[in-house]
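Engineer: Provided herewith: run04.pdb, PDB, C-alpha atoms.
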ATOM      1  CA  LYS A   1     -13.225  -7.607  -3.921  1.00  0.00           C
ATOM      2  CA  GLU A   2     -15.403  -8.818  -6.733  1.00  0.00           C
ATOM      3  CA  GLY A   3     -14.828  -6.786  -9.872  1.00  0.00           C
ATOM      4  CA  HIS A   4     -11.274  -5.848  -8.909  1.00  0.00           C
ATOM      5  CA  GLY A   5      -9.531  -8.746 -10.634  1.00  0.00           C
ATOM      6  CA  ILE A   6      -6.037  -8.773 -12.032  1.00  0.00           C
ATOM      7  CA  GLU A   7      -7.082  -7.360 -15.422  1.00  0.00           C
ATOM      8  CA  LYS A   8      -8.632  -4.282 -13.795  1.00  0.00           C
ATOM      9  CA  VAL A   9      -5.522  -3.812 -11.678  1.00  0.00           C
ATOM     10  CA  LYS A  10      -3.236  -4.114 -14.710  1.00  0.00           C
ATOM     11  CA  ALA A  11      -5.346  -1.599 -16.622  1.00  0.00           C
ATOM     12  CA  TYR A  12      -5.190   0.835 -13.696  1.00  0.00           C
ATOM     13  CA  ILE A  13      -1.402   0.474 -13.421  1.00  0.00           C
ATOM     14  CA  ASP A  14      -1.023   1.019 -17.166  1.00  0.00           C
ATOM     15  CA  SER A  15      -2.980   4.272 -16.940  1.00  0.00           C
ATOM     16  CA  HIS A  16      -1.390   5.408 -13.639  1.00  0.00           C
ATOM     17  CA  PRO A  17       2.326   4.462 -13.773  1.00  0.00           C
ATOM     18  CA  MET A  18       3.730   3.539 -10.368  1.00  0.00           C
ATOM     19  CA  SER A  19       7.341   3.399  -9.267  1.00  0.00           C
ATOM     20  CA  TYR A  20       6.658   0.783  -6.587  1.00  0.00           C
ATOM     21  CA  PRO A  21       5.652  -2.881  -6.557  1.00  0.00           C
ATOM     22  CA  THR A  22       1.962  -3.679  -6.714  1.00  0.00           C
ATOM     23  CA  GLY A  23       0.031  -6.770  -5.748  1.00  0.00           C
ATOM     24  CA  VAL A  24      -3.397  -8.334  -5.983  1.00  0.00           C
ATOM     25  CA  ASP A  25      -5.101  -9.790  -2.934  1.00  0.00           C
ATOM     26  CA  ASP A  26      -7.579 -12.092  -4.679  1.00  0.00           C
ATOM     27  CA  GLU A  27      -9.016 -13.550  -1.494  1.00  0.00           C
ATOM     28  CA  GLY A  28      -8.941 -10.340   0.570  1.00  0.00           C
ATOM     29  CA  LYS A  29      -6.891 -11.896   3.385  1.00  0.00           C
ATOM     30  CA  ILE A  30      -4.098  -9.334   3.346  1.00  0.00           C
ATOM     31  CA  SER A  31      -6.529  -6.450   2.955  1.00  0.00           C
ATOM     32  CA  GLU A  32      -8.383  -7.627   6.041  1.00  0.00           C
ATOM     33  CA  GLU A  33      -5.173  -8.139   8.071  1.00  0.00           C
ATOM     34  CA  MET A  34      -3.870  -4.675   7.210  1.00  0.00           C
ATOM     35  CA  ALA A  35      -7.198  -2.847   7.467  1.00  0.00           C
ATOM     36  CA  VAL A  36      -7.138  -1.721   3.833  1.00  0.00           C
ATOM     37  CA  SER A  37     -10.248   0.325   3.208  1.00  0.00           C
ATOM     38  CA  SER A  38      -9.491   1.643  -0.283  1.00  0.00           C
ATOM     39  CA  ILE A  39      -7.165   1.124  -3.202  1.00  0.00           C
ATOM     40  CA  PRO A  40      -4.529   2.009  -4.058  1.00  0.00           C
ATOM     41  CA  CYS A  41      -3.004   1.425  -0.649  1.00  0.00           C
ATOM     42  CA  VAL A  42       0.643   1.428   0.421  1.00  0.00           C
ATOM     43  CA  VAL A  43       1.786  -0.560   3.444  1.00  0.00           C
ATOM     44  CA  VAL A  44       5.218   0.221   4.902  1.00  0.00           C
ATOM     45  CA  VAL A  45       6.632  -2.747   6.830  1.00  0.00           C
ATOM     46  CA  ASP A  46       9.792  -2.417   8.928  1.00  0.00           C
ATOM     47  CA  PRO A  47      12.580  -5.032   9.042  1.00  0.00           C
ATOM     48  CA  GLN A  48      10.929  -6.629  12.090  1.00  0.00           C
ATOM     49  CA  GLY A  49       7.712  -7.149  10.110  1.00  0.00           C
ATOM     50  CA  ARG A  50       5.734  -4.413  11.896  1.00  0.00           C
ATOM     51  CA  ILE A  51       3.416  -2.130   9.954  1.00  0.00           C
ATOM     52  CA  GLY A  52       4.796   1.382  10.278  1.00  0.00           C
ATOM     53  CA  TRP A  53       2.288   3.156   8.067  1.00  0.00           C
ATOM     54  CA  HIS A  54      -0.498   2.457   5.598  1.00  0.00           C
ATOM     55  CA  GLY A  55      -2.681   4.619   3.428  1.00  0.00           C
ATOM     56  CA  HIS A  56      -3.040   6.183  -0.008  1.00  0.00           C
ATOM     57  CA  PRO A  57       0.309   6.583  -1.823  1.00  0.00           C
ATOM     58  CA  ASP A  58      -0.275  10.329  -2.229  1.00  0.00           C
ATOM     59  CA  HIS A  59      -0.128  10.667   1.570  1.00  0.00           C
ATOM     60  CA  LEU A  60       3.242   8.916   1.927  1.00  0.00           C
ATOM     61  CA  THR A  61       5.254  12.112   2.039  1.00  0.00           C
ATOM     62  CA  ASN A  62       8.935  12.659   2.731  1.00  0.00           C
ATOM     63  CA  ARG A  63       7.938  13.847   6.199  1.00  0.00           C
ATOM     64  CA  VAL A  64       6.179  10.536   6.916  1.00  0.00           C
ATOM     65  CA  ILE A  65       9.152   8.560   5.579  1.00  0.00           C
ATOM     66  CA  GLU A  66      11.607  10.568   7.688  1.00  0.00           C
ATOM     67  CA  ALA A  67       9.507   9.976  10.816  1.00  0.00           C
ATOM     68  CA  LEU A  68       9.456   6.245  10.080  1.00  0.00           C
ATOM     69  CA  LEU A  69      13.223   6.180   9.608  1.00  0.00           C
ATOM     70  CA  GLU A  70      13.755   7.961  12.932  1.00  0.00           C
ATOM     71  CA  ARG A  71      11.806   5.313  14.875  1.00  0.00           C
ATOM     72  CA  PRO A  72      13.937   3.022  17.006  1.00  0.00           C
ATOM     73  CA  SER A  73      14.188  -0.566  15.751  1.00  0.00           C
TER      74      SER A  73
END
Mind turning the file's structure into structure tokens?

Structural biologist:
Amino acid sequence: KEGHGIEKVKAYIDSHPMSYPTGVDDEGKISEEMAVSSIPCVVVVDPQGRIGWHGHPDHLTNRVIEALLERPS
């Protein structure tokens, strides 16, 4: 989205250290595909390329991760 360029993202990451990869979707294509409604947003993709979960990183709890790992492939 306009105003959320790479420099703003870098500044946010510098002030909120993250232990996971981050990316910038300059054209908004990925955000639209994955129904991203706010940032930051985490998308968990399984080995088959299916989205297993997406949302704010604070909501990606161990319980959510365990449930995702228990899903059949």

Engineer: Determine the residue set returned by the PyMOL selection byres ((chain A and resi 22-35) around 9) for the present structure, and present it as a list in words.

Structural biologist: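 Checking the PyMOL selection byres ((chain A and resi 22-35) around 9) against this file, the residues are Lys1, Glu2, His4, Gly5, Ile6, Val9, Ile13, Met18, Tyr20, Pro21, Val36, Ser37, Val42, Val43, Ile51 and His54 of chain A.
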
Engineer: Mind pulling up the distance from CA of Glu7 (chain A) to CA of Gly55 (chain A)?

Structural biologist: 22.8 Å

Engineer: Which residues are near Ser73 (chain A)? Cut-off 10 Å, only C-alpha atoms, ignore same chain within fewer than 2 positions. Put them as a list of chain:residue names.

Structural biologist: A:Asp46, A:Pro47, A:Gln48, A:Leu69, A:Glu70, A:Arg71

Engineer: Can you work out the spacing between CA of Gly52 (chain A) and CA of Leu68 (chain A) in Å, to one decimal?

Structural biologist: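 Calculated distance between CA of Gly52 (chain A) and CA of Leu68 (chain A) is 6.7 Å.
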
Engineer: For CA of Leu60 (chain A) and CA of Ile39 (chain A), quote the distance in Å rounded to one decimal.

Structural biologist: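 Separating CA of Leu60 (chain A) from CA of Ile39 (chain A) is a distance of 14.0 Å.
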